[in-house]
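Just below is one structure, and these are the notes that go with it.
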Amino acid sequence: MKMQSELIGLLRDAKANPEDDALRLILADWLDEHGDPERAEFVRLQCLGTTPEEKRRAKQLAHAHESRWLGAVHGATHRRTWKRGLLEASATPEQILRPSFTAEQQGAFEWIERLRINNFVHGDLEALVAAPHLHALNALALVLTRSDSQYRESATSHGNRSWTSLGSLPTLPRLRELTFLGLSLD
């Protein structure tokens, strides 16, 4: 349990300082010291690798180990992209908000820095707020799929604040960027 909390602390430090590769390299050292040399190499290559061979090696590592590294996140997301050792991913509400993840599975979500939820509707807000596995996100994009008139009606009937106050929710304390795609609140 101490090992898991150390790892979560390192991930959160790296996400709190997204431009600081030194913190990601400290994370890589920790991974090396705790029995995950492939992931450590991957993080280092993503941060420092500049040659075609290094980039190719990083892709090989991701391909070979991604499902093990991500656990529940692998099945709950699609369009995964690794950026400097952390994950940017897309999901639908059914994939990311509906399942009940165990505490161990929730830990894998700490690796997600940016998440895009497609086909999001106002009715998904309650599930989003209640999702403990998403509390460590830095960036969240909600892609809404109704017509503009339906958005306005939904925003008016539920109050604009229900949409725009998401960024200040205690369940999303690390959220630095919140983007709504397809919503106009005029």
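Simple scheme: letters A, B, ... for chains in structure tokens order, numbers from 1 for residues in each chain, numbers from 1 for ligands in the order shown.
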
Which residues of region 8-112 of chain A sit at most 10 Å from region 172-179 of chain A, using only C-alpha atoms? Give each one's shortest atom pair and distance in Å (one decimal place), in chain and ascending residue order, as CSV.
residue,atom,partner,partner_atom,distance
A:Arg12,CA,A:Arg174,CA,8.7
A:Lys15,CA,A:Arg174,CA,8.7
A:Ala16,CA,A:Arg174,CA,7.7

In region 35-171 of chain A, DSSP alpha helix (DSSP H) residues written as a PyMOL selection string | chain A and resi 37-48+52-70+72-76+93-96+103-108+125-129+148-158+160-164

So which one's closest to Glu88 (chain A), A:Arg39, A:Asp29, A:Arg57, A:Asn138? Using only C-alpha atoms, please.
-> A:Asn138

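Rounded to one decimal, CA of Leu128 (chain A) and CA of Gly85 (chain A) lie 25.1 Å from each other.
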
Work out how far CA of His34 (chain A) is from CA of Gln106 (chain A), in Å to one decimal.
-> 19.8 Å

Which of chain A fall in strand (DSSP E or B), as a PyMOL selection string = chain A and resi 78-83+86-91+112-120+139-144+177-181

Name the residues in contact with region 64-77 of chain A at a cut-off of 8 Å, using only C-alpha atoms, excluding same-chain residues fewer than 2 positions from it; report them as a list in words.
->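 These residues fall inside the cut-off: Arg39, Gln60, Leu61, Ala62, Arg79, Arg80, Ala89, Ser90, Ala91, Thr92, Gln95, Ile96, Phe101, Gln105, Gln106, Ala108, Phe109 and Trp111 of chain A.
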
Next, dump the selected residues to file, keeping only C-alpha atoms, as a compact mmCIF listing (two decimals), in the first residue's frame.
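Once written, result.txt looks like this:
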# COMPACT_ATOMS: atom_id res chain seq x y z
CA ARG A 39 7.80 1.38 -18.01
CA GLN A 60 7.52 -0.99 -29.14
CA LEU A 61 7.36 -0.76 -25.35
CA ALA A 62 3.89 0.78 -25.41
CA ARG A 79 -7.70 6.57 -28.85
CA ARG A 80 -4.93 6.44 -26.29
CA ALA A 89 -7.35 9.16 -23.89
CA SER A 90 -10.92 9.27 -25.15
CA ALA A 91 -13.90 7.38 -23.84
CA THR A 92 -17.67 7.33 -23.93
CA GLN A 95 -16.95 3.10 -20.90
CA ILE A 96 -15.69 5.49 -18.26
CA PHE A 101 -14.04 -0.02 -10.68
CA GLN A 105 -8.44 -0.64 -10.82
CA GLN A 106 -9.01 3.01 -9.90
CA ALA A 108 -4.59 2.84 -12.98
CA PHE A 109 -6.59 5.97 -13.79
CA TRP A 111 -1.85 7.64 -15.30

Across A:Pro93, A:Pro132, A:Pro99, A:Pro18, the smallest distance to Asn118 (chain A), with only C-alpha atoms counted, is shown by A:Pro93

Residues near Ala28 (chain A), anyone? I mean within 12 Å using only C-alpha atoms, not counting same-chain ones fewer than 2 positions away, as an mmCIF file with all heavy atoms, in the first residue's frame.
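So the final result, stored in selection37.cif, reads:
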data_model
loop_
_atom_site.group_PDB
_atom_site.id
_atom_site.type_symbol
_atom_site.label_atom_id
_atom_site.label_comp_id
_atom_site.auth_asym_id
_atom_site.auth_seq_id
_atom_site.Cartn_x
_atom_site.Cartn_y
_atom_site.Cartn_z
ATOM 1 N N LEU A 7 3.765 5.956 -5.572
ATOM 2 C CA LEU A 7 3.591 6.080 -7.014
ATOM 3 C C LEU A 7 2.539 7.144 -7.338
ATOM 4 O O LEU A 7 2.758 8.001 -8.200
ATOM 5 C CB LEU A 7 3.181 4.735 -7.621
ATOM 6 C CG LEU A 7 2.851 4.738 -9.106
ATOM 7 C CD1 LEU A 7 4.029 5.234 -9.933
ATOM 8 C CD2 LEU A 7 2.422 3.346 -9.549
ATOM 9 N N LEU A 10 3.995 10.568 -6.906
ATOM 10 C CA LEU A 10 4.885 10.933 -8.009
ATOM 11 C C LEU A 10 4.100 11.296 -9.272
ATOM 12 O O LEU A 10 4.428 12.266 -9.963
ATOM 13 C CB LEU A 10 5.863 9.802 -8.302
ATOM 14 C CG LEU A 10 6.918 9.549 -7.228
ATOM 15 C CD1 LEU A 10 7.642 8.228 -7.490
ATOM 16 C CD2 LEU A 10 7.903 10.697 -7.161
ATOM 17 N N LEU A 11 3.051 10.523 -9.554
ATOM 18 C CA LEU A 11 2.212 10.837 -10.712
ATOM 19 C C LEU A 11 1.535 12.192 -10.548
ATOM 20 O O LEU A 11 1.483 12.994 -11.484
ATOM 21 C CB LEU A 11 1.162 9.742 -10.917
ATOM 22 C CG LEU A 11 1.683 8.425 -11.477
ATOM 23 C CD1 LEU A 11 0.658 7.314 -11.308
ATOM 24 C CD2 LEU A 11 2.062 8.592 -12.940
ATOM 25 N N ALA A 14 4.022 14.975 -11.085
ATOM 26 C CA ALA A 14 4.309 15.143 -12.515
ATOM 27 C C ALA A 14 3.160 15.869 -13.210
ATOM 28 O O ALA A 14 3.381 16.753 -14.039
ATOM 29 C CB ALA A 14 4.557 13.789 -13.165
ATOM 30 N N ASP A 21 9.999 17.967 -16.926
ATOM 31 C CA ASP A 21 10.398 16.588 -17.201
ATOM 32 C C ASP A 21 11.203 15.968 -16.061
ATOM 33 O O ASP A 21 11.242 14.750 -15.927
ATOM 34 C CB ASP A 21 11.205 16.508 -18.495
ATOM 35 C CG ASP A 21 10.326 16.516 -19.730
ATOM 36 O OD1 ASP A 21 9.115 16.234 -19.604
ATOM 37 O OD2 ASP A 21 10.845 16.787 -20.818
ATOM 38 N N ALA A 22 11.829 16.788 -15.237
ATOM 39 C CA ALA A 22 12.608 16.246 -14.115
ATOM 40 C C ALA A 22 11.726 15.387 -13.205
ATOM 41 O O ALA A 22 12.158 14.324 -12.745
ATOM 42 C CB ALA A 22 13.262 17.375 -13.318
ATOM 43 N N LEU A 23 10.487 15.813 -12.980
ATOM 44 C CA LEU A 23 9.581 15.032 -12.133
ATOM 45 C C LEU A 23 9.190 13.719 -12.803
ATOM 46 O O LEU A 23 9.028 12.697 -12.140
ATOM 47 C CB LEU A 23 8.342 15.853 -11.786
ATOM 48 C CG LEU A 23 8.615 17.059 -10.889
ATOM 49 C CD1 LEU A 23 7.395 17.950 -10.779
ATOM 50 C CD2 LEU A 23 9.083 16.606 -9.511
ATOM 51 N N ARG A 24 9.069 13.738 -14.100
ATOM 52 C CA ARG A 24 8.753 12.506 -14.828
ATOM 53 C C ARG A 24 9.950 11.560 -14.816
ATOM 54 O O ARG A 24 9.789 10.346 -14.770
ATOM 55 C CB ARG A 24 8.298 12.831 -16.246
ATOM 56 C CG ARG A 24 6.947 13.563 -16.207
ATOM 57 C CD ARG A 24 6.509 14.073 -17.551
ATOM 58 N NE ARG A 24 5.404 14.994 -17.407
ATOM 59 C CZ ARG A 24 4.179 14.788 -17.876
ATOM 60 N NH1 ARG A 24 3.896 13.692 -18.533
ATOM 61 N NH2 ARG A 24 3.238 15.685 -17.686
ATOM 62 N N LEU A 25 11.153 12.114 -14.837
ATOM 63 C CA LEU A 25 12.349 11.280 -14.765
ATOM 64 C C LEU A 25 12.533 10.698 -13.359
ATOM 65 O O LEU A 25 13.012 9.569 -13.211
ATOM 66 C CB LEU A 25 13.567 12.066 -15.218
ATOM 67 C CG LEU A 25 13.520 12.502 -16.692
ATOM 68 C CD1 LEU A 25 14.679 13.426 -17.023
ATOM 69 C CD2 LEU A 25 13.478 11.301 -17.621
ATOM 70 N N ILE A 26 12.126 11.434 -12.345
ATOM 71 C CA ILE A 26 12.112 10.892 -10.974
ATOM 72 C C ILE A 26 11.123 9.729 -10.905
ATOM 73 O O ILE A 26 11.397 8.686 -10.305
ATOM 74 C CB ILE A 26 11.771 11.992 -9.946
ATOM 75 C CG1 ILE A 26 12.924 12.993 -9.859
ATOM 76 C CG2 ILE A 26 11.446 11.392 -8.589
ATOM 77 C CD1 ILE A 26 12.597 14.260 -9.079
ATOM 78 N N TRP A 30 11.878 5.807 -9.961
ATOM 79 C CA TRP A 30 11.087 5.074 -8.977
ATOM 80 C C TRP A 30 10.583 3.769 -9.601
ATOM 81 O O TRP A 30 10.636 2.713 -8.960
ATOM 82 C CB TRP A 30 9.923 5.937 -8.475
ATOM 83 C CG TRP A 30 9.172 5.306 -7.349
ATOM 84 C CD1 TRP A 30 9.384 5.501 -6.012
ATOM 85 C CD2 TRP A 30 8.094 4.365 -7.444
ATOM 86 N NE1 TRP A 30 8.503 4.740 -5.270
ATOM 87 C CE2 TRP A 30 7.701 4.036 -6.134
ATOM 88 C CE3 TRP A 30 7.419 3.776 -8.501
ATOM 89 C CZ2 TRP A 30 6.669 3.151 -5.862
ATOM 90 C CZ3 TRP A 30 6.390 2.876 -8.235
ATOM 91 C CH2 TRP A 30 6.026 2.576 -6.926
ATOM 92 N N LEU A 31 10.083 3.842 -10.818
ATOM 93 C CA LEU A 31 9.595 2.631 -11.497
ATOM 94 C C LEU A 31 10.708 1.607 -11.636
ATOM 95 O O LEU A 31 10.493 0.410 -11.408
ATOM 96 C CB LEU A 31 9.022 2.993 -12.873
ATOM 97 C CG LEU A 31 7.720 3.785 -12.863
ATOM 98 C CD1 LEU A 31 7.451 4.384 -14.239
ATOM 99 C CD2 LEU A 31 6.558 2.927 -12.392
ATOM 100 N N ASP A 32 11.898 2.060 -11.996
ATOM 101 C CA ASP A 32 13.056 1.174 -12.111
ATOM 102 C C ASP A 32 13.354 0.494 -10.782
ATOM 103 O O ASP A 32 13.570 -0.718 -10.711
ATOM 104 C CB ASP A 32 14.285 1.980 -12.543
ATOM 105 C CG ASP A 32 14.874 1.499 -13.850
ATOM 106 O OD1 ASP A 32 14.509 0.400 -14.312
ATOM 107 O OD2 ASP A 32 15.695 2.241 -14.411
ATOM 108 N N GLU A 33 13.356 1.278 -9.724
ATOM 109 C CA GLU A 33 13.687 0.767 -8.389
ATOM 110 C C GLU A 33 12.617 -0.166 -7.830
ATOM 111 O O GLU A 33 12.880 -0.916 -6.894
ATOM 112 C CB GLU A 33 13.886 1.936 -7.420
ATOM 113 C CG GLU A 33 15.095 2.791 -7.745
ATOM 114 C CD GLU A 33 15.092 4.138 -7.019
ATOM 115 O OE1 GLU A 33 14.213 4.361 -6.148
ATOM 116 O OE2 GLU A 33 15.964 4.963 -7.341
ATOM 117 N N HIS A 34 11.401 -0.102 -8.386
ATOM 118 C CA HIS A 34 10.300 -0.909 -7.868
ATOM 119 C C HIS A 34 9.814 -1.961 -8.863
ATOM 120 O O HIS A 34 8.649 -2.359 -8.848
ATOM 121 C CB HIS A 34 9.158 0.003 -7.412
ATOM 122 C CG HIS A 34 9.514 0.773 -6.181
ATOM 123 N ND1 HIS A 34 10.202 1.966 -6.230
ATOM 124 C CD2 HIS A 34 9.318 0.501 -4.870
ATOM 125 C CE1 HIS A 34 10.401 2.408 -5.009
ATOM 126 N NE2 HIS A 34 9.877 1.532 -4.157
ATOM 127 N N GLY A 35 10.729 -2.411 -9.734
ATOM 128 C CA GLY A 35 10.451 -3.588 -10.539
ATOM 129 C C GLY A 35 9.700 -3.381 -11.841
ATOM 130 O O GLY A 35 9.130 -4.339 -12.363
ATOM 131 N N ASP A 36 9.674 -2.182 -12.377
ATOM 132 C CA ASP A 36 9.014 -1.968 -13.659
ATOM 133 C C ASP A 36 9.968 -1.264 -14.632
ATOM 134 O O ASP A 36 9.731 -0.127 -15.048
ATOM 135 C CB ASP A 36 7.727 -1.159 -13.473
ATOM 136 C CG ASP A 36 6.762 -1.319 -14.634
ATOM 137 O OD1 ASP A 36 7.182 -1.851 -15.691
ATOM 138 O OD2 ASP A 36 5.596 -0.907 -14.499
ATOM 139 N N PRO A 37 11.064 -1.959 -15.011
ATOM 140 C CA PRO A 37 12.082 -1.324 -15.854
ATOM 141 C C PRO A 37 11.573 -0.954 -17.253
ATOM 142 O O PRO A 37 12.031 0.031 -17.829
ATOM 143 C CB PRO A 37 13.198 -2.363 -15.929
ATOM 144 C CG PRO A 37 12.528 -3.669 -15.633
ATOM 145 C CD PRO A 37 11.412 -3.353 -14.679
ATOM 146 N N GLU A 38 10.631 -1.717 -17.797
ATOM 147 C CA GLU A 38 10.118 -1.387 -19.127
ATOM 148 C C GLU A 38 9.364 -0.064 -19.113
ATOM 149 O O GLU A 38 9.533 0.770 -19.997
ATOM 150 C CB GLU A 38 9.190 -2.498 -19.654
ATOM 151 C CG GLU A 38 9.887 -3.818 -19.899
ATOM 152 C CD GLU A 38 9.885 -4.719 -18.658
ATOM 153 O OE1 GLU A 38 9.332 -4.317 -17.598
ATOM 154 O OE2 GLU A 38 10.451 -5.815 -18.749
ATOM 155 N N ARG A 39 8.550 0.118 -18.105
ATOM 156 C CA ARG A 39 7.796 1.378 -18.012
ATOM 157 C C ARG A 39 8.739 2.540 -17.712
ATOM 158 O O ARG A 39 8.556 3.643 -18.218
ATOM 159 C CB ARG A 39 6.693 1.281 -16.960
ATOM 160 C CG ARG A 39 5.667 2.370 -17.117
ATOM 161 C CD ARG A 39 4.445 2.100 -16.285
ATOM 162 N NE ARG A 39 3.317 2.838 -16.794
ATOM 163 C CZ ARG A 39 2.077 2.657 -16.401
ATOM 164 N NH1 ARG A 39 1.799 1.734 -15.503
ATOM 165 N NH2 ARG A 39 1.106 3.376 -16.898
ATOM 166 N N ALA A 40 9.740 2.297 -16.888
ATOM 167 C CA ALA A 40 10.738 3.329 -16.598
ATOM 168 C C ALA A 40 11.443 3.756 -17.880
ATOM 169 O O ALA A 40 11.601 4.952 -18.159
ATOM 170 C CB ALA A 40 11.752 2.810 -15.582
ATOM 171 N N GLU A 41 11.853 2.773 -18.678
ATOM 172 C CA GLU A 41 12.510 3.076 -19.952
ATOM 173 C C GLU A 41 11.566 3.856 -20.856
ATOM 174 O O GLU A 41 11.961 4.829 -21.519
ATOM 175 C CB GLU A 41 12.948 1.778 -20.637
ATOM 176 C CG GLU A 41 13.623 2.007 -21.978
ATOM 177 C CD GLU A 41 13.952 0.714 -22.721
ATOM 178 O OE1 GLU A 41 13.594 -0.393 -22.248
ATOM 179 O OE2 GLU A 41 14.571 0.829 -23.798
ATOM 180 N N PHE A 42 10.307 3.450 -20.883
ATOM 181 C CA PHE A 42 9.313 4.121 -21.714
ATOM 182 C C PHE A 42 9.164 5.595 -21.324
ATOM 183 O O PHE A 42 9.186 6.477 -22.185
ATOM 184 C CB PHE A 42 7.965 3.396 -21.594
ATOM 185 C CG PHE A 42 6.856 4.058 -22.339
ATOM 186 C CD1 PHE A 42 6.799 3.993 -23.715
ATOM 187 C CD2 PHE A 42 5.869 4.754 -21.657
ATOM 188 C CE1 PHE A 42 5.773 4.604 -24.415
ATOM 189 C CE2 PHE A 42 4.846 5.375 -22.339
ATOM 190 C CZ PHE A 42 4.785 5.304 -23.730
ATOM 191 N N VAL A 43 9.039 5.872 -20.033
ATOM 192 C CA VAL A 43 8.900 7.260 -19.571
ATOM 193 C C VAL A 43 10.138 8.061 -19.962
ATOM 194 O O VAL A 43 10.031 9.184 -20.468
ATOM 195 C CB VAL A 43 8.645 7.321 -18.045
ATOM 196 C CG1 VAL A 43 8.700 8.755 -17.539
ATOM 197 C CG2 VAL A 43 7.297 6.676 -17.697
ATOM 198 N N ARG A 44 11.307 7.493 -19.740
ATOM 199 C CA ARG A 44 12.546 8.197 -20.115
ATOM 200 C C ARG A 44 12.599 8.483 -21.618
ATOM 201 O O ARG A 44 12.949 9.580 -22.044
ATOM 202 C CB ARG A 44 13.770 7.378 -19.701
ATOM 203 C CG ARG A 44 14.048 7.413 -18.229
ATOM 204 C CD ARG A 44 15.397 6.748 -17.903
ATOM 205 N NE ARG A 44 15.454 6.518 -16.479
ATOM 206 C CZ ARG A 44 15.210 5.350 -15.878
ATOM 207 N NH1 ARG A 44 14.941 4.266 -16.596
ATOM 208 N NH2 ARG A 44 15.266 5.249 -14.566
ATOM 209 N N LEU A 45 12.256 7.473 -22.417
ATOM 210 C CA LEU A 45 12.284 7.662 -23.863
ATOM 211 C C LEU A 45 11.271 8.715 -24.306
ATOM 212 O O LEU A 45 11.544 9.507 -25.207
ATOM 213 C CB LEU A 45 12.011 6.339 -24.583
ATOM 214 C CG LEU A 45 13.149 5.325 -24.565
ATOM 215 C CD1 LEU A 45 12.660 3.970 -25.060
ATOM 216 C CD2 LEU A 45 14.327 5.815 -25.388
ATOM 217 N N GLN A 46 10.122 8.727 -23.669
ATOM 218 C CA GLN A 46 9.115 9.726 -24.024
ATOM 219 C C GLN A 46 9.568 11.134 -23.656
ATOM 220 O O GLN A 46 9.226 12.091 -24.346
ATOM 221 C CB GLN A 46 7.791 9.404 -23.328
ATOM 222 C CG GLN A 46 7.065 8.229 -23.951
ATOM 223 C CD GLN A 46 5.792 8.669 -24.589
ATOM 224 O OE1 GLN A 46 4.906 9.173 -23.936
ATOM 225 N NE2 GLN A 46 5.699 8.479 -25.897
ATOM 226 N N CYS A 47 10.325 11.260 -22.587
ATOM 227 C CA CYS A 47 10.801 12.580 -22.156
ATOM 228 C C CYS A 47 12.064 13.013 -22.881
ATOM 229 O O CYS A 47 12.229 14.189 -23.187
ATOM 230 C CB CYS A 47 11.064 12.585 -20.649
ATOM 231 S SG CYS A 47 9.566 12.462 -19.659
ATOM 232 N N LEU A 48 12.961 12.071 -23.135
ATOM 233 C CA LEU A 48 14.288 12.420 -23.647
ATOM 234 C C LEU A 48 14.590 11.899 -25.044
ATOM 235 O O LEU A 48 15.531 12.368 -25.671
ATOM 236 C CB LEU A 48 15.360 11.900 -22.681
ATOM 237 C CG LEU A 48 15.261 12.372 -21.243
ATOM 238 C CD1 LEU A 48 16.286 11.644 -20.382
ATOM 239 C CD2 LEU A 48 15.447 13.876 -21.156
ATOM 240 N N ARG A 84 4.919 12.059 -22.981
ATOM 241 C CA ARG A 84 5.933 12.165 -21.941
ATOM 242 C C ARG A 84 5.622 11.241 -20.749
ATOM 243 O O ARG A 84 5.766 11.597 -19.604
ATOM 244 C CB ARG A 84 6.089 13.616 -21.521
ATOM 245 C CG ARG A 84 6.618 14.441 -22.704
ATOM 246 C CD ARG A 84 6.636 15.944 -22.561
ATOM 247 N NE ARG A 84 6.973 16.458 -21.277
ATOM 248 C CZ ARG A 84 6.096 17.065 -20.469
ATOM 249 N NH1 ARG A 84 4.854 17.220 -20.832
ATOM 250 N NH2 ARG A 84 6.491 17.529 -19.320
ATOM 251 N N GLY A 85 5.178 10.031 -21.088
ATOM 252 C CA GLY A 85 4.978 8.990 -20.082
ATOM 253 C C GLY A 85 3.602 8.915 -19.469
ATOM 254 O O GLY A 85 3.292 7.947 -18.786
ATOM 255 N N LEU A 86 2.764 9.919 -19.698
ATOM 256 C CA LEU A 86 1.399 9.903 -19.169
ATOM 257 C C LEU A 86 0.421 9.809 -20.326
ATOM 258 O O LEU A 86 0.776 9.995 -21.483
ATOM 259 C CB LEU A 86 1.142 11.138 -18.313
ATOM 260 C CG LEU A 86 2.033 11.248 -17.067
ATOM 261 C CD1 LEU A 86 1.729 12.529 -16.301
ATOM 262 C CD2 LEU A 86 1.879 10.046 -16.160
#

What separation in Å, quoted to one decimal, exists between CA of Ile117 (chain A) and CA of Ser100 (chain A)?
->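 Taking CA of Ile117 (chain A) as the start and CA of Ser100 (chain A) as the end point, the length is 17.0 Å.
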